[in-house]
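Below: the structure, in structure tokens.
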Amino acid sequence: MANILEIKDLRKSYDGGFEALKGVNLEIEEGEIIALLGPNGAGKTTLISMICGITSSTSGDVKVAGNCIRDDFRAARSLIGLVPQEVALEPFEKVINTVRFSRGLFGKSRDEAAIEHILRRLSLWEKRNNAVKELSGGMKRRVLIAKALAHEPRVLFLDEPTAGVDVELRKDMWDIVADLKADGVTIILTTHYIEEAEAIADRVGIIAKGELLLVEEKAKLMARMGKKELEVQLTEPLDTIPKSLAKYELSQTHDKTSVVYTYDTRGERTGITQLLNDIAAAGLSFRDVSTRQSSLEDIFVTLVQEDAA
Amino acid sequence: MNWTAIKAIYIFEMARFFRTFLQSLISPVISTSLYFVVFGAAIGSRIDQVDGVSYGAFIVPGLVMLTVMTQSISNASFGIYFPKFIGTIYELLSAPISFLEIVLGYVGAAATKAMFIGVIILMTSFFFVDIQIAHPIAMVLFLVLTCISFSLFGFIIGIWAKNFEQLQLVPLLIVTPLVFLGGSFYSISMLPPVWQTISMFNPVVYLISGFRWAFFGLEDVPVATSLLAIGFFTALCLGAVYWIFKTGWRIRT
């Protein structure tokens, strides 16, 4: 699949010398969903703002479907839709008019069928004649998405789309994103909810202090970075771990009825067979074993901590 | 040129005007009527004709100009400041449009609204005084140019303003005094010579003089000078807007 977005050595520094972005390189294929994870102030919104034309870059290049965002800004921007982090809407205007406005602003001629399709898809059709200020917070976020989709973009930026929304709406948003992906829209979303990236992204990028620490396929990342834990439930509580098991660096659960072995999934040998044999040899019997994969959150925390160190 | 985008901005801005149509209209109509009652009837009855024109009729061009200038500035400054204030400016900045197109949309809408109100004020004046327009085409030309140049000026103020206080500052502290001292209610020739000289530094004098000439053929300064002055002011504003466009001043970080 061809790259729809190419970012080369993108930098942003402010007058005071603060570097918000320190040379970001990123290529995004058409049709994928990429989640940019990072703590507050990491540079996620700055990156999006620069690609969309809201903030000017200090240096570097960005191409959208081969169009430079500076030299061919009209072609580049007409392919992009942006859902900002803050709910920013004209409060007194009708929902349908704000969406029509967005379509016109991007140079697309009036198309009532297209507007209706977008509003229905986002469950806003019934509210089309309501003033924006009459809508709930969740509905307003939907209006932001409708506005971003009004000109049928090929790339959609969602800047923290579910920040501060309830669980139900968050799930709705994920469904909407899945729908858009099915239509072939490339989606770049920033979030600090790891759960969100885990649920919907194809690839995950981790940003901290203006640097893109890594970008990798979510599954590969979790396999590469992920530790697994094997919990062995014993038939009887164990006061102290026998010396013969010391090499496994086992930990115990609070009630001392289980021992937990952490192993690397990348290793050729995980040591599980040997461990279970040694547990039996130590005269311990067990009634159950279970494994747990570390989450993206664990990986994220590890990476950001490593970067800070 | 992205004409569809210009049209979208224009329609969206005009919709704001029509949403508050009555407020937009009633306030200037009432204040103008008050001017006619106070200056035209109460004070004007004690003032002789000015160069052969009754005082009530004499102040009409000045009143229209006063309204048109303040309306142009407030419409245009608010029009661009409001998206900055509520955050919807992100959409303008991320759209495939140039700053010129943004200016055309906002300034076009602000100038139209001001023009609309100016015409209403003129029509209101017909109820109070008997008035003939000597040069109707020139009158329209002056009106349009004033609406455009002051809307451009208002647009610059809207970009510059960081809060609502600043938005009001320039119109209140600079424009209103200049308009009042610019011969809205009197002829510059009625002033002592020193003040006549000082008045020549007030750009509004040229606009009101030209506009009044279009009504009565009377002029404080030659009409060509008036046209040059308004042309110069428009060029100045265009230059400032171009500079804002190039630098992204107070818009793009």
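Letters A, B, ... go to the chains of the structure tokens in the order shown; residues in each chain start at 1; ligands are counted from 1 in the same order.
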
List the neighbours of B:Gly108 out to 12 Å using only C-alpha atoms; skip same-chain residues closer than 6 positions along the sequence, and give me the result as a tab-separated table (two decimals) with N, CA and C atoms, in the first residue's frame.
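After the write, around16.tsv holds the following:
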chain	number	residue	atom	x	y	z
B	6	ILE	N	-14.83	31.09	-0.21
B	6	ILE	CA	-15.17	32.50	0.06
B	6	ILE	C	-16.68	32.62	0.26
B	7	LYS	N	-17.42	31.93	-0.62
B	7	LYS	CA	-18.88	31.96	-0.53
B	7	LYS	C	-19.34	31.34	0.80
B	8	ALA	N	-18.68	30.24	1.20
B	8	ALA	CA	-19.07	29.57	2.45
B	8	ALA	C	-18.88	30.51	3.64
B	9	ILE	N	-17.74	31.19	3.68
B	9	ILE	CA	-17.48	32.13	4.79
B	9	ILE	C	-18.51	33.26	4.75
B	10	TYR	N	-18.72	33.78	3.55
B	10	TYR	CA	-19.64	34.91	3.39
B	10	TYR	C	-21.05	34.54	3.87
B	11	ILE	N	-21.53	33.39	3.43
B	11	ILE	CA	-22.89	32.95	3.80
B	11	ILE	C	-22.97	32.71	5.31
B	12	PHE	N	-21.94	32.09	5.87
B	12	PHE	CA	-21.93	31.78	7.31
B	12	PHE	C	-21.95	33.07	8.13
B	13	GLU	N	-21.19	34.07	7.68
B	13	GLU	CA	-21.14	35.35	8.39
B	13	GLU	C	-22.45	36.12	8.24
B	14	MET	N	-23.02	36.06	7.04
B	14	MET	CA	-24.29	36.76	6.83
B	14	MET	C	-25.40	36.12	7.65
B	72	SER	N	-18.84	48.84	10.16
B	72	SER	CA	-17.83	48.08	9.40
B	72	SER	C	-16.78	47.54	10.35
B	75	ASN	N	-18.34	44.88	12.86
B	75	ASN	CA	-18.69	43.62	12.18
B	75	ASN	C	-17.45	42.81	11.82
B	76	ALA	N	-16.49	43.50	11.20
B	76	ALA	CA	-15.30	42.77	10.72
B	76	ALA	C	-14.43	42.32	11.88
B	79	GLY	N	-16.20	39.53	13.59
B	79	GLY	CA	-16.29	38.37	12.69
B	79	GLY	C	-15.07	37.48	12.74
B	100	LEU	N	-5.92	35.48	1.69
B	100	LEU	CA	-6.67	36.42	0.86
B	100	LEU	C	-8.14	36.01	0.79
B	101	GLU	N	-8.36	34.71	0.65
B	101	GLU	CA	-9.75	34.21	0.57
B	101	GLU	C	-10.48	34.39	1.91
B	102	ILE	N	-9.75	34.20	2.99
B	102	ILE	CA	-10.35	34.43	4.31
B	102	ILE	C	-10.76	35.90	4.44
B	114	ALA	N	-22.56	46.37	6.86
B	114	ALA	CA	-22.45	47.81	7.13
B	114	ALA	C	-23.19	48.60	6.05
B	115	MET	N	-23.04	48.16	4.82
B	115	MET	CA	-23.72	48.81	3.68
B	115	MET	C	-25.24	48.74	3.87
B	144	VAL	N	-19.52	52.36	-0.66
B	144	VAL	CA	-18.90	51.03	-0.83
B	144	VAL	C	-17.44	51.06	-0.40
B	145	LEU	N	-16.72	52.10	-0.86
B	145	LEU	CA	-15.29	52.18	-0.52
B	145	LEU	C	-15.09	52.31	0.99
B	147	CYS	N	-17.16	51.26	3.35
B	147	CYS	CA	-17.49	49.96	3.96
B	147	CYS	C	-16.31	49.00	3.84
B	148	ILE	N	-15.72	48.95	2.65
B	148	ILE	CA	-14.62	47.99	2.42
B	148	ILE	C	-13.38	48.38	3.24
B	149	SER	N	-13.00	49.67	3.16
B	149	SER	CA	-11.76	50.06	3.84
B	149	SER	C	-11.90	49.92	5.35
B	150	PHE	N	-13.03	50.33	5.91
B	150	PHE	CA	-13.18	50.22	7.37
B	150	PHE	C	-13.41	48.78	7.81
B	151	SER	N	-13.96	47.95	6.94
B	151	SER	CA	-14.06	46.53	7.28
B	151	SER	C	-12.68	45.90	7.30
B	152	LEU	N	-11.83	46.32	6.36
B	152	LEU	CA	-10.43	45.84	6.37
B	152	LEU	C	-9.75	46.26	7.67
B	154	GLY	N	-11.23	46.97	10.47
B	154	GLY	CA	-11.83	46.18	11.55
B	154	GLY	C	-11.25	44.77	11.60
B	155	PHE	N	-11.01	44.20	10.44
B	155	PHE	CA	-10.43	42.85	10.35
B	155	PHE	C	-9.05	42.84	11.03

Residues of chain A within 10 Å of chain B, using only C-alpha atoms, as a count of residues only? 47

So that I can see what lies close to stretch 250-255 of chain A, please list as a VMD selection string the residues with an atom at most 12 Å from it, counting only C-alpha atoms and leaving out residues fewer than 2 positions away in the same chain. chain A and resid 229 to 234 236 to 248 257 to 263 275 279

If we count only C-alpha atoms and set the cut-off at 12 Å, which residues sit around B:Lys162, ignoring sequence neighbours fewer than 2 positions away in its own chain? Please answer as a list in words. Ser77, Phe78, Ile80, Tyr81, Phe82, Lys84, Phe85, Ile156, Ile157, Gly158, Ile159, Trp160, Phe164, Glu165, Gln166, Leu167, Gln168, Leu169, Arg250 and Ile251 of chain B

Output N, CA and C atoms for every residue in the selection just made, as an mmCIF file, in the first residue's frame.
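Output file part_23.cif is given in full below:
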data_model
loop_
_atom_site.group_PDB
_atom_site.id
_atom_site.type_symbol
_atom_site.label_atom_id
_atom_site.label_comp_id
_atom_site.auth_asym_id
_atom_site.auth_seq_id
_atom_site.Cartn_x
_atom_site.Cartn_y
_atom_site.Cartn_z
ATOM 1 N N SER B 77 -14.266 43.190 12.881
ATOM 2 C CA SER B 77 -13.379 42.806 13.989
ATOM 3 C C SER B 77 -13.997 41.649 14.762
ATOM 4 N N PHE B 78 -15.301 41.728 14.998
ATOM 5 C CA PHE B 78 -15.964 40.645 15.728
ATOM 6 C C PHE B 78 -15.971 39.360 14.896
ATOM 7 N N ILE B 80 -13.881 38.076 12.804
ATOM 8 C CA ILE B 80 -12.654 37.258 12.825
ATOM 9 C C ILE B 80 -12.208 36.999 14.264
ATOM 10 N N TYR B 81 -12.574 37.897 15.193
ATOM 11 C CA TYR B 81 -12.157 37.667 16.585
ATOM 12 C C TYR B 81 -12.928 36.504 17.210
ATOM 13 N N PHE B 82 -14.206 36.396 16.872
ATOM 14 C CA PHE B 82 -15.047 35.358 17.492
ATOM 15 C C PHE B 82 -14.501 33.942 17.234
ATOM 16 N N LYS B 84 -11.480 33.173 16.749
ATOM 17 C CA LYS B 84 -10.273 33.068 17.567
ATOM 18 C C LYS B 84 -10.663 32.793 19.010
ATOM 19 N N PHE B 85 -11.689 33.484 19.473
ATOM 20 C CA PHE B 85 -12.114 33.381 20.873
ATOM 21 C C PHE B 85 -12.680 31.999 21.188
ATOM 22 N N ILE B 156 -8.281 43.879 10.761
ATOM 23 C CA ILE B 156 -6.940 43.981 11.378
ATOM 24 C C ILE B 156 -7.082 44.074 12.905
ATOM 25 N N ILE B 157 -8.046 44.877 13.355
ATOM 26 C CA ILE B 157 -8.262 45.011 14.805
ATOM 27 C C ILE B 157 -8.645 43.650 15.407
ATOM 28 N N GLY B 158 -9.512 42.932 14.691
ATOM 29 C CA GLY B 158 -9.941 41.612 15.168
ATOM 30 C C GLY B 158 -8.796 40.621 15.273
ATOM 31 N N ILE B 159 -7.854 40.708 14.340
ATOM 32 C CA ILE B 159 -6.678 39.829 14.381
ATOM 33 C C ILE B 159 -5.765 40.248 15.547
ATOM 34 N N TRP B 160 -5.635 41.573 15.711
ATOM 35 C CA TRP B 160 -4.735 42.110 16.740
ATOM 36 C C TRP B 160 -5.261 41.850 18.155
ATOM 37 N N PHE B 164 -11.770 40.939 24.547
ATOM 38 C CA PHE B 164 -12.893 41.784 24.121
ATOM 39 C C PHE B 164 -12.640 43.269 24.407
ATOM 40 N N GLU B 165 -11.864 43.559 25.446
ATOM 41 C CA GLU B 165 -11.562 44.959 25.789
ATOM 42 C C GLU B 165 -10.774 45.609 24.647
ATOM 43 N N GLN B 166 -9.775 44.860 24.167
ATOM 44 C CA GLN B 166 -8.965 45.406 23.061
ATOM 45 C C GLN B 166 -9.809 45.587 21.803
ATOM 46 N N LEU B 167 -10.790 44.705 21.656
ATOM 47 C CA LEU B 167 -11.663 44.771 20.481
ATOM 48 C C LEU B 167 -12.434 46.105 20.464
ATOM 49 N N GLN B 168 -12.758 46.586 21.656
ATOM 50 C CA GLN B 168 -13.522 47.831 21.774
ATOM 51 C C GLN B 168 -12.616 49.060 21.798
ATOM 52 N N LEU B 169 -11.355 48.833 22.140
ATOM 53 C CA LEU B 169 -10.448 49.941 22.418
ATOM 54 C C LEU B 169 -10.271 50.906 21.235
ATOM 55 N N ARG B 250 -0.230 36.725 14.992
ATOM 56 C CA ARG B 250 -1.353 36.509 15.913
ATOM 57 C C ARG B 250 -2.402 35.525 15.394
ATOM 58 N N ILE B 251 -2.056 34.745 14.371
ATOM 59 C CA ILE B 251 -2.981 33.726 13.896
ATOM 60 C C ILE B 251 -2.321 32.367 14.002
#

Neighbouring residues of A:Ala42 were defined as those with any atom within 10 Å, considering only C-alpha atoms; residues of the same chain fewer than 3 positions away were excluded. Please report them as a JSON list (two decimals) with C-alpha atoms, in the first residue's frame.
[["chain", "number", "residue", "atom", "x", "y", "z"],
["A", 20, "ALA", "CA", 8.43, 21.01, 20.92],
["A", 21, "LEU", "CA", 9.38, 18.53, 18.19],
["A", 37, "LEU", "CA", 0.63, 7.75, 22.39],
["A", 38, "GLY", "CA", 2.34, 10.07, 24.74],
["A", 39, "PRO", "CA", 2.02, 11.91, 28.02],
["A", 45, "THR", "CA", -0.92, 18.05, 19.21],
["A", 46, "THR", "CA", 2.02, 20.10, 17.89],
["A", 47, "LEU", "CA", 2.73, 17.38, 15.34],
["A", 206, "ILE", "CA", 5.09, 6.57, 21.12],
["A", 207, "ILE", "CA", 6.02, 10.23, 21.56],
["A", 208, "ALA", "CA", 7.77, 11.71, 24.56],
["A", 209, "LYS", "CA", 9.48, 15.09, 24.91],
["A", 210, "GLY", "CA", 9.10, 15.90, 21.22],
["A", 211, "GLU", "CA", 10.63, 12.67, 19.96],
["A", 212, "LEU", "CA", 9.00, 9.74, 18.30]]

Neighbours of stretch 213-215 of chain A within 9 Å (only C-alpha atoms; same-chain residues fewer than 6 positions away dropped), as a VMD selection string? chain A and resid 26 34 36 203 to 207 221 303 to 304 307

Let me see the file: selected residues, all heavy atoms, as a PDB file, in the first residue's frame.
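New file part.pdb:
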ATOM      1  N   LEU A  26       8.167   9.914   9.957  1.00  0.00           N
ATOM      2  CA  LEU A  26       7.064   8.949  10.052  1.00  0.00           C
ATOM      3  C   LEU A  26       6.441   8.765   8.667  1.00  0.00           C
ATOM      4  O   LEU A  26       6.249   9.733   7.932  1.00  0.00           O
ATOM      5  CB  LEU A  26       6.012   9.474  11.042  1.00  0.00           C
ATOM      6  CG  LEU A  26       4.757   8.641  11.288  1.00  0.00           C
ATOM      7  CD1 LEU A  26       5.116   7.285  11.886  1.00  0.00           C
ATOM      8  CD2 LEU A  26       3.809   9.365  12.242  1.00  0.00           C
ATOM      9  N   ILE A  34      -3.281   4.679  12.904  1.00  0.00           N
ATOM     10  CA  ILE A  34      -2.092   4.772  13.744  1.00  0.00           C
ATOM     11  C   ILE A  34      -2.420   5.612  14.981  1.00  0.00           C
ATOM     12  O   ILE A  34      -3.056   6.656  14.881  1.00  0.00           O
ATOM     13  CB  ILE A  34      -0.879   5.330  12.948  1.00  0.00           C
ATOM     14  CG1 ILE A  34       0.359   5.389  13.831  1.00  0.00           C
ATOM     15  CG2 ILE A  34      -1.143   6.669  12.345  1.00  0.00           C
ATOM     16  CD1 ILE A  34       1.662   5.469  13.041  1.00  0.00           C
ATOM     17  N   LEU A  36      -0.979   7.689  18.145  1.00  0.00           N
ATOM     18  CA  LEU A  36       0.216   8.315  18.707  1.00  0.00           C
ATOM     19  C   LEU A  36      -0.006   8.476  20.201  1.00  0.00           C
ATOM     20  O   LEU A  36      -0.891   9.219  20.627  1.00  0.00           O
ATOM     21  CB  LEU A  36       0.465   9.672  18.042  1.00  0.00           C
ATOM     22  CG  LEU A  36       0.756   9.620  16.544  1.00  0.00           C
ATOM     23  CD1 LEU A  36       0.803  11.028  15.952  1.00  0.00           C
ATOM     24  CD2 LEU A  36       2.066   8.897  16.263  1.00  0.00           C
ATOM     25  N   ARG A 203      -1.100   0.399  14.068  1.00  0.00           N
ATOM     26  CA  ARG A 203       0.268   0.674  14.508  1.00  0.00           C
ATOM     27  C   ARG A 203       0.230   1.665  15.656  1.00  0.00           C
ATOM     28  O   ARG A 203      -0.705   2.471  15.773  1.00  0.00           O
ATOM     29  CB  ARG A 203       1.092   1.267  13.363  1.00  0.00           C
ATOM     30  CG  ARG A 203       1.593   0.218  12.395  1.00  0.00           C
ATOM     31  CD  ARG A 203       2.775   0.732  11.586  1.00  0.00           C
ATOM     32  NE  ARG A 203       2.444   1.906  10.796  1.00  0.00           N
ATOM     33  CZ  ARG A 203       3.371   2.726  10.317  1.00  0.00           C
ATOM     34  NH1 ARG A 203       4.647   2.531  10.575  1.00  0.00           N
ATOM     35  NH2 ARG A 203       3.013   3.762   9.577  1.00  0.00           N
ATOM     36  N   VAL A 204       1.270   1.638  16.440  1.00  0.00           N
ATOM     37  CA  VAL A 204       1.346   2.535  17.585  1.00  0.00           C
ATOM     38  C   VAL A 204       2.660   3.303  17.513  1.00  0.00           C
ATOM     39  O   VAL A 204       3.715   2.718  17.256  1.00  0.00           O
ATOM     40  CB  VAL A 204       1.289   1.727  18.903  1.00  0.00           C
ATOM     41  CG1 VAL A 204       1.490   2.644  20.102  1.00  0.00           C
ATOM     42  CG2 VAL A 204      -0.026   0.984  19.015  1.00  0.00           C
ATOM     43  N   GLY A 205       2.567   4.615  17.708  1.00  0.00           N
ATOM     44  CA  GLY A 205       3.763   5.433  17.798  1.00  0.00           C
ATOM     45  C   GLY A 205       3.818   5.993  19.206  1.00  0.00           C
ATOM     46  O   GLY A 205       2.792   6.363  19.757  1.00  0.00           O
ATOM     47  N   ILE A 206       4.996   6.033  19.766  1.00  0.00           N
ATOM     48  CA  ILE A 206       5.094   6.571  21.122  1.00  0.00           C
ATOM     49  C   ILE A 206       5.947   7.831  21.091  1.00  0.00           C
ATOM     50  O   ILE A 206       7.079   7.828  20.611  1.00  0.00           O
ATOM     51  CB  ILE A 206       5.666   5.514  22.093  1.00  0.00           C
ATOM     52  CG1 ILE A 206       4.646   4.373  22.203  1.00  0.00           C
ATOM     53  CG2 ILE A 206       5.941   6.127  23.469  1.00  0.00           C
ATOM     54  CD1 ILE A 206       5.045   3.235  23.088  1.00  0.00           C
ATOM     55  N   ILE A 207       5.346   8.927  21.566  1.00  0.00           N
ATOM     56  CA  ILE A 207       6.024  10.227  21.564  1.00  0.00           C
ATOM     57  C   ILE A 207       6.287  10.641  23.008  1.00  0.00           C
ATOM     58  O   ILE A 207       5.403  10.531  23.859  1.00  0.00           O
ATOM     59  CB  ILE A 207       5.161  11.320  20.900  1.00  0.00           C
ATOM     60  CG1 ILE A 207       4.847  10.966  19.456  1.00  0.00           C
ATOM     61  CG2 ILE A 207       5.849  12.669  20.962  1.00  0.00           C
ATOM     62  CD1 ILE A 207       4.151  12.073  18.695  1.00  0.00           C
ATOM     63  N   LEU A 221       4.715  -5.027  18.386  1.00  0.00           N
ATOM     64  CA  LEU A 221       5.239  -4.281  19.527  1.00  0.00           C
ATOM     65  C   LEU A 221       4.969  -5.044  20.823  1.00  0.00           C
ATOM     66  O   LEU A 221       5.845  -5.196  21.674  1.00  0.00           O
ATOM     67  CB  LEU A 221       4.580  -2.898  19.587  1.00  0.00           C
ATOM     68  CG  LEU A 221       4.957  -2.016  20.765  1.00  0.00           C
ATOM     69  CD1 LEU A 221       6.406  -1.589  20.678  1.00  0.00           C
ATOM     70  CD2 LEU A 221       4.065  -0.789  20.822  1.00  0.00           C
ATOM     71  N   LEU A 303       8.845   2.258  28.197  1.00  0.00           N
ATOM     72  CA  LEU A 303       9.546   3.053  27.190  1.00  0.00           C
ATOM     73  C   LEU A 303       9.753   4.485  27.633  1.00  0.00           C
ATOM     74  O   LEU A 303      10.845   5.045  27.479  1.00  0.00           O
ATOM     75  CB  LEU A 303       8.749   3.041  25.882  1.00  0.00           C
ATOM     76  CG  LEU A 303       9.057   1.889  24.946  1.00  0.00           C
ATOM     77  CD1 LEU A 303       8.027   1.833  23.858  1.00  0.00           C
ATOM     78  CD2 LEU A 303      10.441   2.061  24.340  1.00  0.00           C
ATOM     79  N   VAL A 304       8.710   5.076  28.175  1.00  0.00           N
ATOM     80  CA  VAL A 304       8.801   6.476  28.576  1.00  0.00           C
ATOM     81  C   VAL A 304       9.775   6.608  29.747  1.00  0.00           C
ATOM     82  O   VAL A 304      10.558   7.554  29.815  1.00  0.00           O
ATOM     83  CB  VAL A 304       7.403   7.048  28.890  1.00  0.00           C
ATOM     84  CG1 VAL A 304       7.505   8.443  29.462  1.00  0.00           C
ATOM     85  CG2 VAL A 304       6.552   7.064  27.635  1.00  0.00           C
ATOM     86  N   ASP A 307      13.256   6.413  28.438  1.00  0.00           N
ATOM     87  CA  ASP A 307      13.625   7.656  27.766  1.00  0.00           C
ATOM     88  C   ASP A 307      14.003   8.730  28.781  1.00  0.00           C
ATOM     89  O   ASP A 307      14.901   9.529  28.555  1.00  0.00           O
ATOM     90  CB  ASP A 307      12.462   8.138  26.906  1.00  0.00           C
ATOM     91  CG  ASP A 307      12.816   9.385  26.127  1.00  0.00           C
ATOM     92  OD1 ASP A 307      13.784   9.314  25.348  1.00  0.00           O
ATOM     93  OD2 ASP A 307      12.157  10.419  26.306  1.00  0.00           O
TER      94      ASP A 307
END

Residues near stretch 116-130 of chain A, anyone? I mean within 12 Å using only C-alpha atoms, not counting same-chain ones fewer than 2 positions away, as a PyMOL selection string. chain A and resi 91-100+103+110-114+132-136+138-152+169+172-173+175-177+179-180

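Each of B:Val29, B:Val60, B:Val107, B:Val53 was compared to B:Cys237 using only C-alpha atoms, and B:Val107 turns out to be the nearest.
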
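With only C-alpha atoms as the basis for measurement, A:Gly41 is the residue among A:Gly41, A:Val289, A:Ala201, A:Lys218 that approaches A:Glu19 most closely.
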
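As for atom CA of B:Thr197 and atom CA of B:Leu178, they are spaced 14.5 Å apart.
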
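Between atom CA of B:Pro28 and atom CA of B:Tyr106 there is a distance of 21.1 Å.
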
In Å, rounded to a single decimal, give me how far atom CA of B:Phe185 is from atom CA of B:Ser45. 13.8 Å

Which of these, A:Asp278, A:Glu217, A:Glu297, A:Glu249, has the shortest distance to A:His192 once you count only C-alpha atoms? A:Glu297

Write down as number ranges by chain the residues of stretch 5-223 of chain A whose backbone DSSP state falls under helix (DSSP H, G or I). A: 44-52, 73-78, 95-105, 112-121, 125-127, 132-134, 137-149, 167-182, 194-200, 218-223

Counting only C-alpha atoms, give me one row per residue of stretch 37-103 of chain B with an atom at most 8 Å from an atom of stretch 208-215 of chain B, showing the shortest contact pair and its distance in Å to one decimal, sorted by chain then residue number, as a tab-separated table.
residue	atom	partner	partner_atom	distance
B:Phe58	CA	B:Arg212	CA	7.9
B:Pro61	CA	B:Arg212	CA	5.4
B:Gly62	CA	B:Ile208	CA	5.9
B:Met65	CA	B:Ile208	CA	6.6

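Distances from A:Gln305, A:Thr186, A:Thr191, A:Gln274 to A:Val64 were compared using only C-alpha atoms, and the smallest one belongs to A:Thr186.
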